[in-house]
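S.K.: Pasting a structure here, questions to come.
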Amino acid sequence: MSMLKTDNIFTYYGEVCVLKNINLQVEDGELVSLFGPNGHGKSTLLKTICGLIKPVKGEVIYNDERLDKMKMTEIVEKGVVYVPEDRDLFPQMTVEENLLMGSNPKRAREMEIRNMEYVFDLFPKLKVIRKQFASTLSGGEARMLTIGRGLMSNPDFLAIDEPSLGLAPNLRKDVFNSIDGIRNKGVSILLVEQSTPLAAEIADRIYLLEEGEITFSGKSDKALSDEQLKKLFFGV
Amino acid sequence: MAIYVELFIAGLVLSSIYSLMAVGLTLIYGVTKVLNYAQGSLFTLGAYIAFLMFNNFPYPNYFIVVILTLIFMAGAGLLFEKIFIYPVRRLPDWNFIVIIVTLGAALLIDNLFLVIFGPLQKTLPRAFSGSFNLGILRITKHNLFVIVVAISVLLLLDQFLSKTRMGMNMRAVAQSEIGAKIVGLNINKVYSYSFAIAGILAGIAGILLTPRTLIYPLVGWPVFLKGLVVMVLGGLGSIKGTLYAAVILGMVEIFVSFFWGARWAMPIFVLILIVVLVFKPKGLAGTWE
């Protein structure tokens, strides 16, 4: 029995069908990476799973419950948390206030202090800049803060959208190490990346999404050893 | 010299009223992106409700009446959002539609006042009668009360927005609605609360100002319009900017009225507004975003 499963999902933007018949699953404690070219529906899939967009057809099932029938508030309360790529932070709030906003769900309230310590442990930089406004952060700091805010919601399942977007190569490694650390804490993770081998190295399984359809799924070591797949995924 | 001090205080009184109106407007605009044309009607409603209580309670106490009125106004704000805003928000392009809806709501409410209370002016008592005399200087106690209340209310609001969970939720929704959804905020609840607070602010302004202007069905409109100018001048959604703008326009109105006549106040307002917007298109303090 998988923790999260999408069942024949179809999602539209207006008339345009962005996701066609998506079947994907994430087991308890697993880290799954979803690859694919820009604009082929990866983010849309994450948003559909987390409830920001509702699918036209199909089901999103999380621990035997239909997420696609729930409101965003309820979904977050179940422990399914979305980490956006495009800095949907609160710009005129401090880093600390942004993190506190993350502990809005009831399930995260009593864990607030512990989670905050955990986030500062994972990203010591955030502790240093905790009194700064989010609008003044660099790309890397903002990425850490969005992930940190997600962790403040005390997630069981984290959907992370392009964690390495716009980051310098050395920072990428840090971010992926942190994500690996989060998984080791028992959080299941589905992450989306365009073509970063690092995201495959830390993953248990990978999917490839092209033109709104899943064209490959399998163990990540298979993709990393197979030359043809390597070319397909990472363009090398 | 004394005359200038008296004018200055009169200016502060007006600034207080305008800031209460404009902060209500700007709070709603910042959080929900609704330009609420019915804010003036809420102002009038507060005055009428207080009037009803003063005239129907056997021994009306000013402060008890005020507190009951403000509780009523919070409910009225919630109800206003549920009736006029919430159903519209499901529509596509609701940001445009809602402006007309609030205007329609204002006309509806004002005409209900006319039906229920009639066109005759009603009077509301002042908090304190009499005045302080300092040499040749004379300050009425009510005016002083208005200034003190406005400053306290705004300080309280500032604390609410920066310290309490609901206040932070409001700022969060104002700054990024998607971000607010991601952390699982109940957006509907935040919208309702911001209208409740705007209702209270309008009610306070109504109770404070109408002892001078008397109450009639359209008494809220001039105050709303000036609140609107203050809000735009201050920068949409910025509370700090709104305060600067309220003080500037309150002073300008009093001094212009004194030296040139009251009919010049609004033209000068518009002139100031244009000049400021030419140099600072986002108003004195930009936006929350």
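Here, A, B, ... name the chains of the structure tokens in the order displayed, residue numbers run from 1 inside each chain, and ligands are numbered from 1 in the same displayed order.
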What's the 12 Å shell around range 88-94 of chain B, counting only C-alpha atoms, without same-chain residues fewer than 6 positions away, as a compact mmCIF listing (two decimals) with N, CA and C atoms, in the first residue's frame?
M.R.:
```txt
# COMPACT_ATOMS: atom_id res chain seq x y z
N THR B 32 -7.71 41.84 0.96
CA THR B 32 -8.64 41.16 0.04
C THR B 32 -8.61 41.73 -1.37
N LYS B 33 -7.88 42.83 -1.60
CA LYS B 33 -7.84 43.51 -2.90
C LYS B 33 -9.22 44.02 -3.32
N VAL B 34 -10.05 44.31 -2.32
CA VAL B 34 -11.37 44.88 -2.62
C VAL B 34 -11.33 46.36 -2.29
N LEU B 35 -11.79 47.21 -3.23
CA LEU B 35 -11.98 48.62 -2.94
C LEU B 35 -13.41 48.76 -2.43
N GLU B 81 -19.28 41.00 4.45
CA GLU B 81 -18.39 40.18 3.62
C GLU B 81 -19.13 38.93 3.13
N LYS B 82 -19.90 38.31 4.03
CA LYS B 82 -20.61 37.08 3.67
C LYS B 82 -21.66 37.33 2.58
N ILE B 100 -18.16 47.25 -8.28
CA ILE B 100 -19.54 47.67 -8.56
C ILE B 100 -20.48 47.10 -7.50
N VAL B 101 -20.19 45.87 -7.07
CA VAL B 101 -21.05 45.27 -6.04
C VAL B 101 -21.01 46.08 -4.75
N THR B 102 -19.80 46.53 -4.34
CA THR B 102 -19.74 47.31 -3.09
C THR B 102 -20.44 48.66 -3.27
N ILE B 187 -8.31 31.18 4.01
CA ILE B 187 -8.37 32.52 3.42
C ILE B 187 -9.72 33.18 3.70
N ASN B 188 -10.79 32.40 3.63
CA ASN B 188 -12.12 32.97 3.87
C ASN B 188 -12.20 33.61 5.24
N TYR B 191 -10.35 36.90 5.29
CA TYR B 191 -11.15 37.94 4.62
C TYR B 191 -12.23 38.46 5.56
```
S.K.: Taking only chain A into account, list the residues labelled helix (DSSP H, G or I) by DSSP (computed from the backbone), as an MDAnalysis selection string.
M.R.: chainID A and resid 42:50 67:69 72:77 95:102 106:109 112:122 124:128 134:136 139:152 169:184 197:201 220:225 227:234
S.K.: Which residues of chain A have any atom within 9 Å of an atom in chain B when counting only C-alpha atoms, and what is the closest pair of atoms for each, with the distance in Å to one decimal? Order the rows by chain and rising number and write it as JSON lines.
M.R.:
```
{"residue": "A:Cys50", "atom": "CA", "partner": "B:Ile182", "partner_atom": "CA", "distance": 8.6}
{"residue": "A:Leu52", "atom": "CA", "partner": "B:Lys181", "partner_atom": "CA", "distance": 7.9}
{"residue": "A:Lys71", "atom": "CA", "partner": "B:Gly184", "partner_atom": "CA", "distance": 9.0}
{"residue": "A:Met72", "atom": "CA", "partner": "B:Gly184", "partner_atom": "CA", "distance": 5.9}
{"residue": "A:Thr73", "atom": "CA", "partner": "B:Gly184", "partner_atom": "CA", "distance": 4.2}
{"residue": "A:Glu74", "atom": "CA", "partner": "B:Gly184", "partner_atom": "CA", "distance": 7.4}
{"residue": "A:Ile75", "atom": "CA", "partner": "B:Gly184", "partner_atom": "CA", "distance": 7.7}
{"residue": "A:Val76", "atom": "CA", "partner": "B:Gly184", "partner_atom": "CA", "distance": 5.4}
{"residue": "A:Glu77", "atom": "CA", "partner": "B:Gly184", "partner_atom": "CA", "distance": 7.3}
{"residue": "A:Val81", "atom": "CA", "partner": "B:Ile182", "partner_atom": "CA", "distance": 7.2}
{"residue": "A:Tyr82", "atom": "CA", "partner": "B:Ile182", "partner_atom": "CA", "distance": 6.3}
{"residue": "A:Val83", "atom": "CA", "partner": "B:Ile182", "partner_atom": "CA", "distance": 7.8}
{"residue": "A:Pro84", "atom": "CA", "partner": "B:Ile182", "partner_atom": "CA", "distance": 8.3}
{"residue": "A:Arg87", "atom": "CA", "partner": "B:Gly179", "partner_atom": "CA", "distance": 8.5}
{"residue": "A:Asp88", "atom": "CA", "partner": "B:Gly179", "partner_atom": "CA", "distance": 4.8}
{"residue": "A:Leu89", "atom": "CA", "partner": "B:Gly179", "partner_atom": "CA", "distance": 5.8}
{"residue": "A:Phe90", "atom": "CA", "partner": "B:Gln175", "partner_atom": "CA", "distance": 5.5}
{"residue": "A:Pro91", "atom": "CA", "partner": "B:Gln175", "partner_atom": "CA", "distance": 6.6}
{"residue": "A:Gln92", "atom": "CA", "partner": "B:Glu289", "partner_atom": "CA", "distance": 7.0}
{"residue": "A:Met93", "atom": "CA", "partner": "B:Ala172", "partner_atom": "CA", "distance": 8.1}
{"residue": "A:Glu97", "atom": "CA", "partner": "B:Met168", "partner_atom": "CA", "distance": 8.2}
{"residue": "A:Asn98", "atom": "CA", "partner": "B:Ala172", "partner_atom": "CA", "distance": 8.6}
{"residue": "A:Met101", "atom": "CA", "partner": "B:Val183", "partner_atom": "CA", "distance": 6.8}
{"residue": "A:Gly102", "atom": "CA", "partner": "B:Val183", "partner_atom": "CA", "distance": 5.3}
{"residue": "A:Ser103", "atom": "CA", "partner": "B:Val183", "partner_atom": "CA", "distance": 7.6}
{"residue": "A:Asn104", "atom": "CA", "partner": "B:Val183", "partner_atom": "CA", "distance": 6.4}
{"residue": "A:Pro105", "atom": "CA", "partner": "B:Gly184", "partner_atom": "CA", "distance": 6.4}
{"residue": "A:Arg149", "atom": "CA", "partner": "B:Val183", "partner_atom": "CA", "distance": 8.1}
{"residue": "A:Gly150", "atom": "CA", "partner": "B:Val183", "partner_atom": "CA", "distance": 7.5}
{"residue": "A:Ser153", "atom": "CA", "partner": "B:Val183", "partner_atom": "CA", "distance": 7.0}
```
S.K.: Name the residues of range 55-286 of chain B that fall into strand (DSSP E or B) according to DSSP on the backbone, using the chain letters and numbers of this document, as a PDB file with N, CA and C atoms, in the first residue's frame.
M.R.:
```
ATOM      1  N   LYS B 122     -30.294  63.351  12.809  1.00  0.00           N
ATOM      2  CA  LYS B 122     -30.318  62.913  14.206  1.00  0.00           C
ATOM      3  C   LYS B 122     -29.050  63.435  14.890  1.00  0.00           C
ATOM      4  N   SER B 131     -14.785  72.223  27.812  1.00  0.00           N
ATOM      5  CA  SER B 131     -13.480  72.355  27.188  1.00  0.00           C
ATOM      6  C   SER B 131     -12.427  72.747  28.203  1.00  0.00           C
ATOM      7  N   PHE B 132     -11.179  72.553  27.789  1.00  0.00           N
ATOM      8  CA  PHE B 132     -10.064  73.030  28.598  1.00  0.00           C
ATOM      9  C   PHE B 132      -9.715  74.436  28.149  1.00  0.00           C
ATOM     10  N   ASN B 133      -9.483  75.329  29.100  1.00  0.00           N
ATOM     11  CA  ASN B 133      -9.026  76.664  28.745  1.00  0.00           C
ATOM     12  C   ASN B 133      -7.610  76.865  29.248  1.00  0.00           C
ATOM     13  N   LEU B 134      -6.712  77.088  28.333  1.00  0.00           N
ATOM     14  CA  LEU B 134      -5.332  77.349  28.705  1.00  0.00           C
ATOM     15  C   LEU B 134      -5.024  78.766  28.236  1.00  0.00           C
ATOM     16  N   LEU B 137      -6.195  79.929  24.885  1.00  0.00           N
ATOM     17  CA  LEU B 137      -6.378  78.725  24.085  1.00  0.00           C
ATOM     18  C   LEU B 137      -7.569  77.925  24.610  1.00  0.00           C
ATOM     19  N   ARG B 138      -8.410  77.416  23.694  1.00  0.00           N
ATOM     20  CA  ARG B 138      -9.569  76.672  24.134  1.00  0.00           C
ATOM     21  C   ARG B 138      -9.663  75.378  23.333  1.00  0.00           C
ATOM     22  N   ILE B 139      -9.612  74.231  24.032  1.00  0.00           N
ATOM     23  CA  ILE B 139      -9.692  72.935  23.357  1.00  0.00           C
ATOM     24  C   ILE B 139     -10.882  72.186  23.926  1.00  0.00           C
ATOM     25  N   THR B 140     -11.805  71.758  23.065  1.00  0.00           N
ATOM     26  CA  THR B 140     -12.948  71.013  23.608  1.00  0.00           C
ATOM     27  C   THR B 140     -12.473  69.623  24.012  1.00  0.00           C
ATOM     28  N   ILE B 215     -26.340  63.148  12.038  1.00  0.00           N
ATOM     29  CA  ILE B 215     -26.441  61.898  11.282  1.00  0.00           C
ATOM     30  C   ILE B 215     -27.554  62.026  10.249  1.00  0.00           C
TER      31      ILE B 215
END
```
S.K.: Would you please work out which residue, of B:Leu45, B:Ile9, B:Ile97, B:Ile64, is nearest to Leu114 in chain B when using only C-alpha atoms?
M.R.: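 Once distances to Leu114 in chain B are computed over only C-alpha atoms, the minimum belongs to B:Leu45.
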S.K.: A:Phe157, A:Phe120, A:Val95, A:Glu162: which is nearest Ala134 in chain A, counting only C-alpha atoms?
M.R.: A:Val95
S.K.: At what distance in Å, to one decimal, does CA of Ser192 in chain B lie from CA of Ile67 in chain B?
M.R.: 20.1 Å
